[in-house]
Amino acid sequence: MTDFDGKPGRFVRRRAVLGLGVAGLSVGMARHASAASRTALERLARRLEALGEDGLDPRHYDLPGVAPMSRAEAALRDLVLGRVASLPGRADIRRDAARADFPAWRDRLFASADPASVLDQAAMLHPDAAPIKAALVRFLAIAARGGWPGIEGNLTSTLEPGSHDAARVGQLRARLALLDPEVLRGAAAESPVYDARLEEAVRRFQAAEGLEADGRIGRLTWAALNTPVEAKIAQLRVALDMRRGLAAPPDRRIEVNIPHFRLRLTDAGRVVLDMAVVVGRTDRQTPMLDVRLVAVQFNPPWGVPDRNAREDLLPRFRREPGRMQALGYRLYQRIDGELTEIDATTLDFSAYSKDRFPFIIRQDPGEANALGRIKFVMPNRDDIFMHDTPDRHLFRRAERAFSSGCIRLERPMELLAEAFSGMSAWNQERFDRVLDSGVTQGISLARPIPVRLHYDTVIVDSGNVVMRRDIYGLDAAYLRALDAPRSERLAEAPPRR
């Protein structure tokens, strides 16, 4: 059994029963309870004590003077509906209490001769729950043994397969052996050489972390190796709670998972598209949204947001005003109420700063345009959209938080074809013709597509758990809400019939 020691996300081994079994019953209840019911209550006590393995804090249900079945009801509610109902800025957290039907689960709990089994069933409602919980239990066991050692030394240079490095290779073996005992099997266990067996273990570790599984240990892999086990536990706890009580998704939809840097278009349960994306960097985060893709703009111009103009483009204009104009950037200033274009080569940009920049910047359509040749319009207050990009090299990076908030697409033409499906007047030949014309043209879609920008650092792919870095700190905020105590009084259990 596991429980918390008071630190967020940290568990310790707990042996004492919570007082929910026979020891927690009133004298009268214990006298009249049958052997079977006493066994069921003892099992329920153990099950409630083990709620840490479901990502919940058992202490939230360890309340003096509250009957065992009322405590079980509170735990059941959180397992079915999720403990965190909503959070500011998290449009991606969509609970549906009616769909979850907690009253039916509650009736099942109080009608069952084995209430613990009802909690078991509720804990596994989501198809991702079993693999995530298995990973959580695995990390809890490692934490109970003291966690894993950090790797010290030169973590700024890349460790290449086949290299000789007694200091780092030994630590690497010890670290990975906690998850992958095969790395220590055989005579090579003490070798200072980064050998093939260790490389295989590193590749498996990288794949599980959502990194490029190339066996080369650079900055991101060193950081992942040195992430404390408590952080992994916290991440898995959040992932379990986020999946509870979810609203049913539309059959045809686009989902962009921000920390996984991927877009998926699904239709009737089938994955139609799966591509890499670039999302907002940490100081210009992509917001979580629940919107619809309603139109496409071919050959879009770019109206540069004020912040981008001041912070990103002003330094470039200082260095190369002529080149900026050649790339299609135009400067405008309001003079006597009229918006007038200014020749950038005539300005002394050293006279301007991000706090004093009286210009508006537009970029003409074209190959160099920051939006590429296609813009996917999904109206929202944050003016976030998806688009093509000329910066194709960024898609080769394992972590792709480089934009100013909008979503850059690895394969925009494939999304374009899917967006126009059912519009018989449009085909690849017409797409090419419109794009080659260079003329800006907007087309409304016959079938708008629901789009959800969401934040999930734990991904289950074919039963395998992949854990991504919490780039925006949203898991940390969720964890605080998950561990916050609730003040509502628990109702006493109704009498058995």
# chains A, B, ... in the order shown; residues from 1 in each chain; ligands from 1
call {"tool": "select_by_dssp", "arguments": {"residues": "region 144-258 of chain A", "states": "strand (DSSP E)", "output": "ChimeraX atom specification"}}
result
/A:252-257
call {"tool": "residues_around", "arguments": {"residues": "Glu320 (chain A)", "least_positions_apart": "5", "cutoff": "12 Å", "atoms": "only C-alpha atoms", "output": "list in words"}}
result
Leu313, Leu314, Pro315, Gln325, Ala326, Leu327, Tyr329, Ala344, Thr345, Thr346, Leu347, Asp348 and Phe349 of chain A
call {"tool": "write_last_selection", "arguments": {"atoms": "N, CA, C and O atoms", "output": "PDB file, in the first residue's frame"}}
result
ATOM      1  N   LEU A 313      10.947  41.383 -35.035  1.00  0.00           N
ATOM      2  CA  LEU A 313      11.304  41.949 -36.331  1.00  0.00           C
ATOM      3  C   LEU A 313      12.119  43.233 -36.246  1.00  0.00           C
ATOM      4  O   LEU A 313      12.924  43.513 -37.143  1.00  0.00           O
ATOM      5  N   LEU A 314      11.943  44.020 -35.203  1.00  0.00           N
ATOM      6  CA  LEU A 314      12.723  45.250 -35.078  1.00  0.00           C
ATOM      7  C   LEU A 314      14.228  44.976 -35.110  1.00  0.00           C
ATOM      8  O   LEU A 314      14.958  45.655 -35.842  1.00  0.00           O
ATOM      9  N   PRO A 315      14.750  43.978 -34.361  1.00  0.00           N
ATOM     10  CA  PRO A 315      16.193  43.707 -34.458  1.00  0.00           C
ATOM     11  C   PRO A 315      16.618  43.326 -35.875  1.00  0.00           C
ATOM     12  O   PRO A 315      17.731  43.678 -36.303  1.00  0.00           O
ATOM     13  N   GLN A 325      12.692  44.069 -46.584  1.00  0.00           N
ATOM     14  CA  GLN A 325      11.767  44.486 -47.642  1.00  0.00           C
ATOM     15  C   GLN A 325      11.741  43.465 -48.768  1.00  0.00           C
ATOM     16  O   GLN A 325      10.673  43.178 -49.329  1.00  0.00           O
ATOM     17  N   ALA A 326      12.902  42.881 -49.082  1.00  0.00           N
ATOM     18  CA  ALA A 326      12.954  41.867 -50.135  1.00  0.00           C
ATOM     19  C   ALA A 326      12.166  40.620 -49.745  1.00  0.00           C
ATOM     20  O   ALA A 326      11.653  39.901 -50.613  1.00  0.00           O
ATOM     21  N   LEU A 327      12.053  40.360 -48.438  1.00  0.00           N
ATOM     22  CA  LEU A 327      11.283  39.214 -47.957  1.00  0.00           C
ATOM     23  C   LEU A 327       9.787  39.515 -47.886  1.00  0.00           C
ATOM     24  O   LEU A 327       9.008  38.681 -47.435  1.00  0.00           O
ATOM     25  N   TYR A 329       8.318  42.196 -46.284  1.00  0.00           N
ATOM     26  CA  TYR A 329       7.855  42.947 -45.119  1.00  0.00           C
ATOM     27  C   TYR A 329       7.682  44.421 -45.498  1.00  0.00           C
ATOM     28  O   TYR A 329       8.572  45.032 -46.085  1.00  0.00           O
ATOM     29  N   ALA A 344      11.690  51.259 -45.557  1.00  0.00           N
ATOM     30  CA  ALA A 344      12.490  50.874 -44.392  1.00  0.00           C
ATOM     31  C   ALA A 344      13.946  51.276 -44.523  1.00  0.00           C
ATOM     32  O   ALA A 344      14.622  51.524 -43.511  1.00  0.00           O
ATOM     33  N   THR A 345      14.460  51.372 -45.741  1.00  0.00           N
ATOM     34  CA  THR A 345      15.875  51.715 -45.923  1.00  0.00           C
ATOM     35  C   THR A 345      16.162  53.175 -45.607  1.00  0.00           C
ATOM     36  O   THR A 345      17.337  53.574 -45.513  1.00  0.00           O
ATOM     37  N   THR A 346      15.133  53.982 -45.433  1.00  0.00           N
ATOM     38  CA  THR A 346      15.338  55.406 -45.125  1.00  0.00           C
ATOM     39  C   THR A 346      15.285  55.687 -43.632  1.00  0.00           C
ATOM     40  O   THR A 346      15.504  56.833 -43.220  1.00  0.00           O
ATOM     41  N   LEU A 347      15.013  54.669 -42.829  1.00  0.00           N
ATOM     42  CA  LEU A 347      14.845  54.879 -41.391  1.00  0.00           C
ATOM     43  C   LEU A 347      16.108  54.545 -40.618  1.00  0.00           C
ATOM     44  O   LEU A 347      16.873  53.643 -40.999  1.00  0.00           O
ATOM     45  N   ASP A 348      16.325  55.261 -39.534  1.00  0.00           N
ATOM     46  CA  ASP A 348      17.383  54.947 -38.580  1.00  0.00           C
ATOM     47  C   ASP A 348      16.747  54.139 -37.454  1.00  0.00           C
ATOM     48  O   ASP A 348      16.184  54.695 -36.507  1.00  0.00           O
ATOM     49  N   PHE A 349      16.841  52.823 -37.553  1.00  0.00           N
ATOM     50  CA  PHE A 349      16.140  51.963 -36.599  1.00  0.00           C
ATOM     51  C   PHE A 349      16.759  51.996 -35.207  1.00  0.00           C
ATOM     52  O   PHE A 349      16.139  51.527 -34.249  1.00  0.00           O
TER      53      PHE A 349
END
call {"tool": "closest_atom_pairs", "arguments": {"of": "region 393-466 of chain A", "to": "region 380-384 of chain A", "cutoff": "9 Å", "atoms": "only C-alpha atoms", "output": "CSV"}}
result
residue,atom,partner,partner_atom,distance
A:Gly405,CA,A:Ile384,CA,6.7
A:Cys406,CA,A:Ile384,CA,5.1
A:Ile407,CA,A:Ile384,CA,7.6
call {"tool": "atom_distance", "arguments": {"atom1": "CA of Glu311 (chain A)", "atom2": "CA of Arg330 (chain A)"}}
result
16.4 Å
call {"tool": "residues_around", "arguments": {"residues": "Tyr194 (chain A)", "least_positions_apart": "3", "cutoff": "8 Å", "atoms": "only C-alpha atoms", "output": "compact mmCIF listing (two decimals) with N, CA, C and O atoms, in the first residue's frame"}}
result
# COMPACT_ATOMS: atom_id res chain seq x y z
N GLU A 160 28.15 9.47 -27.39
CA GLU A 160 27.86 8.73 -28.62
C GLU A 160 27.98 7.23 -28.39
O GLU A 160 28.84 6.77 -27.63
N PRO A 161 27.14 6.42 -29.06
CA PRO A 161 27.29 4.96 -28.98
C PRO A 161 28.71 4.54 -29.40
O PRO A 161 29.28 5.10 -30.33
N GLY A 162 29.26 3.59 -28.65
CA GLY A 162 30.59 3.09 -28.96
C GLY A 162 31.70 3.84 -28.24
O GLY A 162 32.85 3.39 -28.26
N SER A 163 31.39 4.95 -27.61
CA SER A 163 32.43 5.75 -26.96
C SER A 163 32.81 5.16 -25.61
O SER A 163 32.07 4.41 -25.00
N HIS A 164 34.02 5.53 -25.15
CA HIS A 164 34.57 5.07 -23.87
C HIS A 164 34.45 6.23 -22.90
O HIS A 164 35.03 7.29 -23.10
N ASP A 165 33.70 6.03 -21.81
CA ASP A 165 33.48 7.11 -20.84
C ASP A 165 33.15 6.46 -19.51
O ASP A 165 31.98 6.23 -19.18
N VAL A 169 29.23 6.40 -18.35
CA VAL A 169 28.63 5.12 -18.74
C VAL A 169 28.22 4.30 -17.52
O VAL A 169 27.14 3.69 -17.49
N SER A 191 31.53 -2.65 -17.95
CA SER A 191 32.34 -2.05 -19.01
C SER A 191 32.15 -0.53 -19.07
O SER A 191 31.03 -0.04 -18.94
N LEU A 198 23.63 -1.43 -24.03
CA LEU A 198 23.27 -0.19 -23.36
C LEU A 198 22.59 0.77 -24.34
O LEU A 198 21.63 1.46 -23.99
N GLU A 199 23.06 0.78 -25.57
CA GLU A 199 22.44 1.64 -26.58
C GLU A 199 20.98 1.24 -26.80
O GLU A 199 20.10 2.11 -26.94
call {"tool": "select_by_dssp", "arguments": {"residues": "region 101-152 of chain A", "states": "helix (DSSP H, G or I)", "output": "PyMOL selection string"}}
result
chain A and resi 102-111+115-123+129-144
call {"tool": "residues_around", "arguments": {"residues": "Val137 (chain A)", "least_positions_apart": "3", "cutoff": "9 Å", "atoms": "only C-alpha atoms", "output": "list in words"}}
result
Gly52, Glu53, Asp54, Ile132, Lys133, Ala134, Leu140, Ala141, Ile142 and Ile233 of chain A
call {"tool": "write_last_selection", "arguments": {"atoms": "N, CA, C and O atoms", "output": "PDB file, in the first residue's frame"}}
result
ATOM      1  N   GLY A  52      -3.569   5.551  -3.740  1.00  0.00           N
ATOM      2  CA  GLY A  52      -2.380   6.179  -4.302  1.00  0.00           C
ATOM      3  C   GLY A  52      -1.984   5.572  -5.633  1.00  0.00           C
ATOM      4  O   GLY A  52      -1.417   6.245  -6.495  1.00  0.00           O
ATOM      5  N   GLU A  53      -2.289   4.297  -5.819  1.00  0.00           N
ATOM      6  CA  GLU A  53      -1.966   3.623  -7.079  1.00  0.00           C
ATOM      7  C   GLU A  53      -2.930   4.008  -8.194  1.00  0.00           C
ATOM      8  O   GLU A  53      -2.722   3.649  -9.353  1.00  0.00           O
ATOM      9  N   ASP A  54      -3.988   4.742  -7.853  1.00  0.00           N
ATOM     10  CA  ASP A  54      -4.900   5.317  -8.843  1.00  0.00           C
ATOM     11  C   ASP A  54      -4.618   6.810  -9.047  1.00  0.00           C
ATOM     12  O   ASP A  54      -5.368   7.496  -9.740  1.00  0.00           O
ATOM     13  N   ILE A 132      -1.321   3.300 -17.888  1.00  0.00           N
ATOM     14  CA  ILE A 132      -0.812   4.422 -17.081  1.00  0.00           C
ATOM     15  C   ILE A 132      -0.682   4.002 -15.623  1.00  0.00           C
ATOM     16  O   ILE A 132       0.314   4.303 -14.955  1.00  0.00           O
ATOM     17  N   LYS A 133      -1.685   3.295 -15.122  1.00  0.00           N
ATOM     18  CA  LYS A 133      -1.619   2.842 -13.729  1.00  0.00           C
ATOM     19  C   LYS A 133      -0.462   1.868 -13.532  1.00  0.00           C
ATOM     20  O   LYS A 133       0.232   1.919 -12.507  1.00  0.00           O
ATOM     21  N   ALA A 134      -0.218   1.002 -14.497  1.00  0.00           N
ATOM     22  CA  ALA A 134       0.906   0.063 -14.388  1.00  0.00           C
ATOM     23  C   ALA A 134       2.225   0.825 -14.293  1.00  0.00           C
ATOM     24  O   ALA A 134       3.112   0.475 -13.499  1.00  0.00           O
ATOM     25  N   LEU A 140       6.128   4.057  -8.339  1.00  0.00           N
ATOM     26  CA  LEU A 140       5.912   4.086  -6.891  1.00  0.00           C
ATOM     27  C   LEU A 140       6.839   3.099  -6.186  1.00  0.00           C
ATOM     28  O   LEU A 140       7.388   3.392  -5.117  1.00  0.00           O
ATOM     29  N   ALA A 141       7.021   1.935  -6.795  1.00  0.00           N
ATOM     30  CA  ALA A 141       7.909   0.932  -6.199  1.00  0.00           C
ATOM     31  C   ALA A 141       9.348   1.435  -6.186  1.00  0.00           C
ATOM     32  O   ALA A 141      10.089   1.222  -5.215  1.00  0.00           O
ATOM     33  N   ILE A 142       9.754   2.111  -7.262  1.00  0.00           N
ATOM     34  CA  ILE A 142      11.109   2.675  -7.306  1.00  0.00           C
ATOM     35  C   ILE A 142      11.259   3.760  -6.248  1.00  0.00           C
ATOM     36  O   ILE A 142      12.277   3.841  -5.550  1.00  0.00           O
ATOM     37  N   ILE A 233       5.939  10.366 -11.090  1.00  0.00           N
ATOM     38  CA  ILE A 233       4.735   9.953 -10.365  1.00  0.00           C
ATOM     39  C   ILE A 233       3.669  11.032 -10.476  1.00  0.00           C
ATOM     40  O   ILE A 233       2.496  10.756 -10.752  1.00  0.00           O
TER      41      ILE A 233
END
call {"tool": "residues_around", "arguments": {"residues": "Phe385 (chain A)", "least_positions_apart": "2", "cutoff": "6 Å", "atoms": "only C-alpha atoms", "output": "PDB file with C-alpha atoms, in the first residue's frame"}}
result
ATOM      1  CA  PHE A 376      -6.297  27.260 -41.614  1.00  0.00           C
ATOM      2  CA  VAL A 377      -8.858  29.551 -39.981  1.00  0.00           C
ATOM      3  CA  MET A 378     -10.491  28.580 -36.675  1.00  0.00           C
ATOM      4  CA  CYS A 406       0.029  29.509 -33.609  1.00  0.00           C
TER       5      CYS A 406
END
call {"tool": "atom_distance", "arguments": {"atom1": "CA of Arg373 (chain A)", "atom2": "CA of Pro450 (chain A)"}}
result
22.4 Å
call {"tool": "closest_atom_pairs", "arguments": {"of": "region 445-482 of chain A", "to": "region 57-71 of chain A", "cutoff": "12 Å", "atoms": "only C-alpha atoms", "output": "CSV"}}
result
residue,atom,partner,partner_atom,distance
A:Leu479,CA,A:Asp57,CA,11.1
A:Arg480,CA,A:Asp57,CA,11.9
A:Ala481,CA,A:Asp57,CA,11.9
A:Leu482,CA,A:Asp57,CA,8.6
call {"tool": "write_last_selection", "arguments": {"atoms": "C-alpha atoms", "output": "tab-separated table (two decimals), in the first residue's frame"}}
result
chain	number	residue	atom	x	y	z
A	479	LEU	CA	-1.32	18.67	-9.50
A	480	ARG	CA	-1.88	21.49	-7.02
A	481	ALA	CA	-5.61	21.30	-7.68
A	482	LEU	CA	-5.55	17.51	-7.48
call {"tool": "residues_around", "arguments": {"residues": "Leu371 (chain A)", "least_positions_apart": "4", "cutoff": "6 Å", "atoms": "only C-alpha atoms", "output": "ChimeraX atom specification"}}
result
/A:387-389
